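Reviewing the structure listed below.
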Amino acid sequence: MTGEAAPRPYPFDPDGEAGTDPVYARLRRDQPLVRVRMPYGEPAWLATRHADVKLVHADPRFSRALAGKRDQPRAFPVMPDDNLQGMDPPDHGRLRRLAARVFTAHRVAQMRPLIQQITDDLLDRMDQAGPPWDLVEDFAAPLTGGVIAELYGVPHAERPQFAEWAKAQTATTSMSMEQIEDHVGRLQQWVADTVARRLREPDDGLIGVLVDGYRQAPDISEHEVVTLARLMLAAGHDSVKYQLGHCAYLLLTHPAQLARLVADPTLISSAVEELLRYGKTDEAAVFARYATEDMELGGVRVRAGEPVIPSRISANHDERVFDDPDRLDIGRKHNPHLAFGFGPHHCPGANLARSELQIGLGKLVARFPTLRLAVPASELRWQSGGLARELVSLPVTW
């Protein structure tokens, strides 16, 4: 690998709020592609500019499949099983098409009443209980968990166990390897049993839709369907939970923007996009891509076989693309953020996540317009040990 003699340790500021280190801005200006070394794996290039991050995500000369055969750079001992995320086109298209059946615009529109009902029920409880209230454990977790559990047809009595199993899929150091293997194995078996049942008894639930697509796709194995369903569950359960908690935190720590949304609820769509752009939940860039040929990127020669890590956090704060990027502006007009990725690996469930965020946050601030933090922001606790840095709790009053 050419470039600097010694790679920089990465992430740059593991103990601070992810993505806030000013080194990103300096790199975008002076050294948009820089050598880094993560706690595990081989050295890599880190891409920091929006254009370069998009290119690494979408250009077929960069491979995700090769990462599974290498000691890929990572922030934790073992990379979570990534299925779709570990494939390249055209093979990737087999499973991508299957996942896309679940999240068509029509199906997501059909899911909105369910999201609205679960949200209303939770806000009723919040109103009845009175302050303080925890927006992570008492709102974000049961909202996103309830939606995905309904879509998967999980019986109510099994949902707490189901949530614990789901959490293991994105755990890195917050659980022991024995726990992760046990929980993921149990969830895989639960999904496998449900797939087998849906093969006998079709329905229109999430797994039923996947099974129907599987029947029409002779190039997909039953094991691939089971694993895909399990990983989609993780994204729908845990990823949207921390997005919702972090978006609420950003509004509460930017009271002028919160007041703006309370005064004009029609801003909810642009507000969600801006909160996603501005949010800095990723602990470090993950899912390195490997160059399959020599090329120039960010003014640097990248050699075939070298890994490049695309930083979406940095890309979403690129001053070449976003006006005043370090200012939260819920009315931002031009907002091509990369929070859901880009190219072949763009999150297939992005529209469902958006619906949950729009409905959850929109109804929350409409119902409780005087919402505010119940403790100083400096006292909030953050949890590492997963693919994202999450709030442990978000106590609020009103």
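Identifiers in the structure tokens: chain A, B, ... in order shown; residue index from 1 per chain; ligand index from 1 in order shown.
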Write out as a ChimeraX atom specification which residues come within 7 Å of region 153-166 of chain A when counting only C-alpha atoms, dropping same-chain ones fewer than 3 positions away. /A:149-150,169,183-184,187,234
Ala58 (chain A): which residues within 12 Å, counting only C-alpha atoms, same-chain residues fewer than 4 positions away excluded, as an MDAnalysis selection string? chainID A and resid 51:54 62:64 88:89 289 310 338 341:346
From the list A:Arg107, A:Met38, A:Thr370, A:Asn335, the nearest residue to Val321 (chain A) using only C-alpha atoms is A:Asn335
I want to know what sits within 12 Å of region 371-381 of chain A, based on only C-alpha atoms, with residues of the same chain fewer than 5 positions away left out; could you give that as a ChimeraX atom specification? /A:15-17,126-127,130-136,246,248-256,258-259,262,361,364-366,389-398
For the selection just defined, write its residues with N, CA, C and O atoms to a file, as a compact mmCIF listing (two decimals), in the first residue's frame.
```txt
# COMPACT_ATOMS: atom_id res chain seq x y z
N ASP A 15 -13.89 7.62 22.20
CA ASP A 15 -14.58 7.93 23.45
C ASP A 15 -15.50 9.14 23.33
O ASP A 15 -16.26 9.44 24.25
N GLY A 16 -15.42 9.85 22.20
CA GLY A 16 -16.27 11.03 22.04
C GLY A 16 -17.53 10.68 21.25
O GLY A 16 -17.73 9.54 20.85
N GLU A 17 -18.40 11.68 21.05
CA GLU A 17 -19.59 11.42 20.24
C GLU A 17 -19.14 11.14 18.82
O GLU A 17 -18.41 11.91 18.21
N MET A 126 -47.64 6.95 27.74
CA MET A 126 -46.77 8.03 28.17
C MET A 126 -47.59 9.13 28.85
O MET A 126 -47.21 9.66 29.92
N ASP A 127 -48.73 9.47 28.26
CA ASP A 127 -49.59 10.50 28.80
C ASP A 127 -50.16 10.08 30.15
O ASP A 127 -50.20 10.87 31.11
N GLY A 130 -47.29 9.94 32.90
CA GLY A 130 -46.73 11.24 33.25
C GLY A 130 -45.21 11.20 33.26
O GLY A 130 -44.60 10.14 33.19
N PRO A 131 -44.59 12.39 33.35
CA PRO A 131 -43.13 12.45 33.30
C PRO A 131 -42.52 11.97 34.62
O PRO A 131 -43.18 11.97 35.66
N PRO A 132 -41.22 11.57 34.57
CA PRO A 132 -40.36 11.47 33.37
C PRO A 132 -40.66 10.19 32.59
O PRO A 132 -41.28 9.26 33.11
N TRP A 133 -40.20 10.15 31.36
CA TRP A 133 -40.44 9.02 30.46
C TRP A 133 -39.16 8.78 29.68
O TRP A 133 -38.45 9.72 29.31
N ASP A 134 -38.85 7.51 29.42
CA ASP A 134 -37.63 7.16 28.70
C ASP A 134 -37.95 6.92 27.23
O ASP A 134 -38.62 5.93 26.89
N LEU A 135 -37.49 7.81 26.37
CA LEU A 135 -37.82 7.70 24.95
C LEU A 135 -37.08 6.56 24.25
O LEU A 135 -37.45 6.21 23.13
N VAL A 136 -36.07 5.98 24.89
CA VAL A 136 -35.39 4.83 24.28
C VAL A 136 -36.13 3.54 24.63
O VAL A 136 -36.66 2.85 23.77
N HIS A 246 -31.78 8.51 18.49
CA HIS A 246 -30.81 9.56 18.20
C HIS A 246 -31.48 10.77 17.57
O HIS A 246 -31.11 11.92 17.87
N ALA A 248 -34.54 11.79 18.13
CA ALA A 248 -35.21 12.50 19.22
C ALA A 248 -34.20 13.29 20.05
O ALA A 248 -34.45 14.44 20.44
N TYR A 249 -33.05 12.70 20.31
CA TYR A 249 -31.98 13.39 21.05
C TYR A 249 -31.55 14.66 20.33
O TYR A 249 -31.37 15.72 20.96
N LEU A 250 -31.39 14.60 19.02
CA LEU A 250 -30.97 15.78 18.26
C LEU A 250 -32.00 16.89 18.34
O LEU A 250 -31.66 18.06 18.50
N LEU A 251 -33.27 16.53 18.25
CA LEU A 251 -34.31 17.56 18.37
C LEU A 251 -34.30 18.19 19.76
O LEU A 251 -34.42 19.41 19.91
N LEU A 252 -34.14 17.36 20.78
CA LEU A 252 -34.18 17.86 22.15
C LEU A 252 -32.97 18.72 22.49
O LEU A 252 -33.04 19.58 23.37
N THR A 253 -31.87 18.49 21.82
CA THR A 253 -30.66 19.30 22.07
C THR A 253 -30.53 20.45 21.07
O THR A 253 -29.54 21.18 21.09
N HIS A 254 -31.54 20.61 20.21
CA HIS A 254 -31.63 21.76 19.30
C HIS A 254 -33.04 22.33 19.44
O HIS A 254 -33.88 22.18 18.54
N PRO A 255 -33.32 22.97 20.57
CA PRO A 255 -34.71 23.38 20.86
C PRO A 255 -35.32 24.31 19.83
O PRO A 255 -36.54 24.28 19.64
N ALA A 256 -34.53 25.12 19.16
CA ALA A 256 -35.11 26.00 18.14
C ALA A 256 -35.66 25.18 16.98
O ALA A 256 -36.71 25.52 16.41
N LEU A 258 -36.69 22.02 17.27
CA LEU A 258 -37.86 21.32 17.81
C LEU A 258 -39.08 22.25 17.78
O LEU A 258 -40.17 21.85 17.35
N ALA A 259 -38.89 23.49 18.20
CA ALA A 259 -40.00 24.46 18.19
C ALA A 259 -40.49 24.71 16.76
O ALA A 259 -41.69 24.88 16.53
N VAL A 262 -42.68 21.76 15.86
CA VAL A 262 -43.96 21.85 16.57
C VAL A 262 -44.87 22.87 15.88
O VAL A 262 -46.07 22.64 15.70
N LEU A 361 -41.78 10.31 15.36
CA LEU A 361 -41.35 11.65 15.80
C LEU A 361 -42.46 12.68 15.61
O LEU A 361 -42.67 13.55 16.45
N LEU A 364 -45.07 12.23 18.28
CA LEU A 364 -44.48 12.54 19.59
C LEU A 364 -44.49 14.04 19.85
O LEU A 364 -44.95 14.50 20.91
N VAL A 365 -43.98 14.83 18.91
CA VAL A 365 -43.88 16.28 19.16
C VAL A 365 -45.25 16.96 19.06
O VAL A 365 -45.47 17.99 19.69
N ALA A 366 -46.16 16.38 18.28
CA ALA A 366 -47.50 16.96 18.21
C ALA A 366 -48.25 16.73 19.51
O ALA A 366 -48.97 17.63 20.00
N ARG A 389 -23.26 3.48 17.93
CA ARG A 389 -23.18 4.03 19.28
C ARG A 389 -24.58 4.49 19.66
O ARG A 389 -25.17 5.33 18.98
N GLU A 390 -25.12 3.92 20.73
CA GLU A 390 -26.52 4.15 21.07
C GLU A 390 -26.67 4.83 22.42
O GLU A 390 -25.86 4.65 23.32
N LEU A 391 -27.77 5.54 22.56
CA LEU A 391 -28.15 6.06 23.86
C LEU A 391 -28.69 4.92 24.72
O LEU A 391 -29.51 4.13 24.26
N VAL A 392 -28.23 4.85 25.96
CA VAL A 392 -28.76 3.84 26.88
C VAL A 392 -30.17 4.22 27.27
O VAL A 392 -31.07 3.37 27.35
N SER A 393 -30.40 5.51 27.52
CA SER A 393 -31.74 5.99 27.85
C SER A 393 -31.84 7.45 27.45
O SER A 393 -30.82 8.13 27.26
N LEU A 394 -33.07 7.93 27.33
CA LEU A 394 -33.29 9.34 26.96
C LEU A 394 -34.48 9.83 27.79
O LEU A 394 -35.62 9.90 27.32
N PRO A 395 -34.24 10.18 29.08
CA PRO A 395 -35.33 10.62 29.94
C PRO A 395 -35.84 12.01 29.56
O PRO A 395 -35.04 12.94 29.36
N VAL A 396 -37.16 12.13 29.44
CA VAL A 396 -37.76 13.41 29.06
C VAL A 396 -38.88 13.78 30.03
O VAL A 396 -39.42 12.94 30.74
N THR A 397 -39.19 15.06 30.01
CA THR A 397 -40.33 15.57 30.76
C THR A 397 -41.09 16.53 29.83
O THR A 397 -40.65 16.80 28.72
N TRP A 398 -42.22 17.03 30.33
CA TRP A 398 -43.03 17.94 29.50
C TRP A 398 -43.98 18.74 30.37
O TRP A 398 -44.17 18.40 31.54
```
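Scanning region 216-347 of chain A with DSSP on the backbone, the strand (DSSP E) assignments fall on Arg289, Tyr290, Ala291, Met295, Glu296, Leu297, Val300, Arg301, Val302, Pro307, Val308, Ile309 and Pro310 of chain A.
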Please provide as a PyMOL selection string all residues within 9 Å of Ile309 (chain A), with the sequence filter that same-chain residues fewer than 5 positions apart are discarded (counting only C-alpha atoms). chain A and resi 44-48+53+56+73+285-290
Determine, counting only C-alpha atoms, which protein, DNA and RNA residues have an atom within 7 Å of an atom of region 82-87 of chain A; residues of the same chain fewer than 3 positions away are not included. Present the result as a list in words. Arg64, Ala65, Gly68, Asp91, His92, Leu95, Leu228 and His345 of chain A
Env of Ser314 (chain A): 7 Å cut, atoms = only C-alpha atoms, seq-sep filter 3 positions within chain, self excluded. Answer as a ChimeraX atom specification. /A:24,48-49,311,317-318
Okay, now the selection with N, CA, C and O atoms, as a PDB file, in the first residue's frame?
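This went into out_27.pdb:
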```
ATOM      1  N   TYR A  24     -12.122  15.015  10.542  1.00  0.00           N
ATOM      2  CA  TYR A  24     -12.825  14.699   9.299  1.00  0.00           C
ATOM      3  C   TYR A  24     -12.813  15.894   8.345  1.00  0.00           C
ATOM      4  O   TYR A  24     -12.576  15.749   7.144  1.00  0.00           O
ATOM      5  N   THR A  48     -13.329  10.087   2.741  1.00  0.00           N
ATOM      6  CA  THR A  48     -14.058  11.052   3.569  1.00  0.00           C
ATOM      7  C   THR A  48     -14.957  11.998   2.781  1.00  0.00           C
ATOM      8  O   THR A  48     -15.858  12.595   3.369  1.00  0.00           O
ATOM      9  N   ARG A  49     -14.712  12.176   1.481  1.00  0.00           N
ATOM     10  CA  ARG A  49     -15.537  13.095   0.698  1.00  0.00           C
ATOM     11  C   ARG A  49     -16.773  12.393   0.144  1.00  0.00           C
ATOM     12  O   ARG A  49     -16.736  11.214  -0.200  1.00  0.00           O
ATOM     13  N   SER A 311     -16.603   6.528   4.699  1.00  0.00           N
ATOM     14  CA  SER A 311     -17.183   7.142   5.890  1.00  0.00           C
ATOM     15  C   SER A 311     -18.430   7.932   5.521  1.00  0.00           C
ATOM     16  O   SER A 311     -18.358   9.036   4.981  1.00  0.00           O
ATOM     17  N   HIS A 317     -21.323  15.364   5.973  1.00  0.00           N
ATOM     18  CA  HIS A 317     -20.945  16.698   6.462  1.00  0.00           C
ATOM     19  C   HIS A 317     -19.963  17.369   5.495  1.00  0.00           C
ATOM     20  O   HIS A 317     -19.226  18.278   5.885  1.00  0.00           O
ATOM     21  N   ASP A 318     -20.004  16.926   4.245  1.00  0.00           N
ATOM     22  CA  ASP A 318     -19.090  17.465   3.233  1.00  0.00           C
ATOM     23  C   ASP A 318     -19.584  18.835   2.775  1.00  0.00           C
ATOM     24  O   ASP A 318     -20.671  18.963   2.188  1.00  0.00           O
TER      25      ASP A 318
END
```
